[in-house]
Amino acid sequence: MGLNITQTKGTDQVKRRLPRPGRGAKQANSTSGLAVHDECKVKFQELKARRSFRFIVFRIDEKAMEIKVERLGEPSEGYGEFTDSLPTDECRYAIYDLDFVTVENCQKSKIFFFSWSPDTARTRSKMLYASSKDRFRRELDGIQCEIQATDPSEMSLDIVKSRTN
């Protein structure tokens, strides 16, 4: 049940119904007009707190004008499965939880945010992803590193590991 609002415009009265906040509620991105689906934040928190996933791939649903979860990577999946899950001709956002060993021989992990925008993607899609990235990234509190890539070579495992220092 939502909230009914009555507005008067000139001599006409307009009634409209505001959606009730709750499950599946969305918050619009002021830059691009996109909303971030609640599932994005919930799954990110599960990755961060419980390590329920190795990675999360997000896509922009242009019809609904919102960012949604596209794929969840199981904790047993590796970096190769992650990179294979990114389409070669479409943009995506992604989160990857990288485990590594420091020079002091300590086991650590870092959460990476990827902005994947291949050269072969549609220009409109690249612009939409670029204009929404900063706001979406701020919604996901706890990201430690960011990588922007237009080609698989720009996000090789060696490059990602070099960013852990």
# chains A, B, ... in the order shown; residues from 1 in each chain; ligands from 1
$ residues_around --residues "region 84-94 of chain A" --least-positions-apart "4" --cutoff "8 Å" --atoms "only C-alpha atoms" --output "VMD selection string"
chain A and resid 55 to 60 71 80 113 to 122 125 to 126 129
$ write_last_selection --atoms "N, CA and C atoms" --output "tab-separated table (two decimals), in the first residue's frame"
chain	number	residue	atom	x	y	z
A	55	PHE	N	32.76	-13.39	-6.39
A	55	PHE	CA	32.57	-12.19	-7.18
A	55	PHE	C	31.09	-11.96	-7.46
A	56	ILE	N	30.77	-10.72	-7.84
A	56	ILE	CA	29.42	-10.33	-8.23
A	56	ILE	C	29.55	-9.50	-9.51
A	57	VAL	N	28.72	-9.83	-10.50
A	57	VAL	CA	28.68	-9.05	-11.74
A	57	VAL	C	27.33	-8.32	-11.76
A	58	PHE	N	27.39	-7.01	-12.03
A	58	PHE	CA	26.19	-6.17	-12.08
A	58	PHE	C	25.98	-5.68	-13.50
A	59	ARG	N	24.72	-5.50	-13.87
A	59	ARG	CA	24.40	-4.93	-15.18
A	59	ARG	C	23.36	-3.84	-15.02
A	60	ILE	N	23.32	-2.95	-15.98
A	60	ILE	CA	22.29	-1.92	-16.00
A	60	ILE	C	21.15	-2.43	-16.87
A	71	ARG	N	25.21	-11.91	-11.96
A	71	ARG	CA	25.80	-13.22	-11.66
A	71	ARG	C	26.53	-13.17	-10.33
A	80	GLY	N	39.76	-16.72	-13.27
A	80	GLY	CA	39.45	-17.07	-14.67
A	80	GLY	C	37.94	-17.13	-14.92
A	113	PHE	N	36.68	-3.24	-7.16
A	113	PHE	CA	35.55	-2.81	-7.98
A	113	PHE	C	36.06	-2.69	-9.41
A	114	PHE	N	35.39	-3.34	-10.34
A	114	PHE	CA	35.76	-3.28	-11.75
A	114	PHE	C	34.70	-2.53	-12.54
A	115	SER	N	35.18	-1.64	-13.39
A	115	SER	CA	34.32	-0.98	-14.36
A	115	SER	C	34.76	-1.49	-15.73
A	116	TRP	N	33.98	-2.41	-16.28
A	116	TRP	CA	34.32	-3.09	-17.53
A	116	TRP	C	33.58	-2.40	-18.67
A	117	SER	N	34.31	-1.78	-19.59
A	117	SER	CA	33.72	-1.04	-20.70
A	117	SER	C	34.52	-1.34	-21.98
A	118	PRO	N	34.24	-2.50	-22.60
A	118	PRO	CA	35.04	-2.87	-23.78
A	118	PRO	C	34.84	-1.91	-24.95
A	119	ASP	N	35.85	-1.79	-25.77
A	119	ASP	CA	35.79	-0.91	-26.94
A	119	ASP	C	34.64	-1.27	-27.88
A	120	THR	N	34.25	-2.54	-27.91
A	120	THR	CA	33.20	-3.00	-28.82
A	120	THR	C	31.79	-2.74	-28.29
A	121	ALA	N	31.65	-2.20	-27.08
A	121	ALA	CA	30.32	-1.92	-26.52
A	121	ALA	C	29.70	-0.71	-27.23
A	122	ARG	N	28.37	-0.63	-27.16
A	122	ARG	CA	27.66	0.51	-27.75
A	122	ARG	C	28.05	1.79	-27.02
A	125	SER	N	25.78	2.74	-24.14
A	125	SER	CA	26.01	1.91	-22.97
A	125	SER	C	27.25	2.39	-22.20
A	126	LYS	N	28.32	2.70	-22.91
A	126	LYS	CA	29.54	3.19	-22.27
A	126	LYS	C	29.27	4.49	-21.51
A	129	TYR	N	27.13	3.70	-18.29
A	129	TYR	CA	27.95	3.09	-17.24
A	129	TYR	C	28.92	4.10	-16.64
$ select_by_dssp --residues "region 21-118 of chain A" --states "strand (DSSP E or B)" --output "VMD selection string"
chain A and resid 26 to 28 35 to 37 55 to 61 66 to 73 92 to 101 107 to 116
$ select_by_dssp --residues "chain A" --states "helix (DSSP H, G or I)" --output "PyMOL selection string"
chain A and resi 38-50+79-84+123-139+152-155+157-162
$ atom_distance --atom1 "CA of Pro152 (chain A)" --atom2 "CA of Glu81 (chain A)"
12.9 Å
$ atom_distance --atom1 "CA of Phe136 (chain A)" --atom2 "CA of Val101 (chain A)"
29.2 Å
$ closest_residue --among "A:Ser76, A:Arg135, A:Leu34, A:Ile159" --to "Lys63 (chain A)" --atoms "only C-alpha atoms"
A:Leu34
$ atom_distance --atom1 "CA of Glu139 (chain A)" --atom2 "CA of Cys40 (chain A)"
9.0 Å
$ residues_around --residues "Leu98 (chain A)" --least-positions-apart "4" --cutoff "7 Å" --atoms "only C-alpha atoms" --output "MDAnalysis selection string"
chainID A and resid 109:111
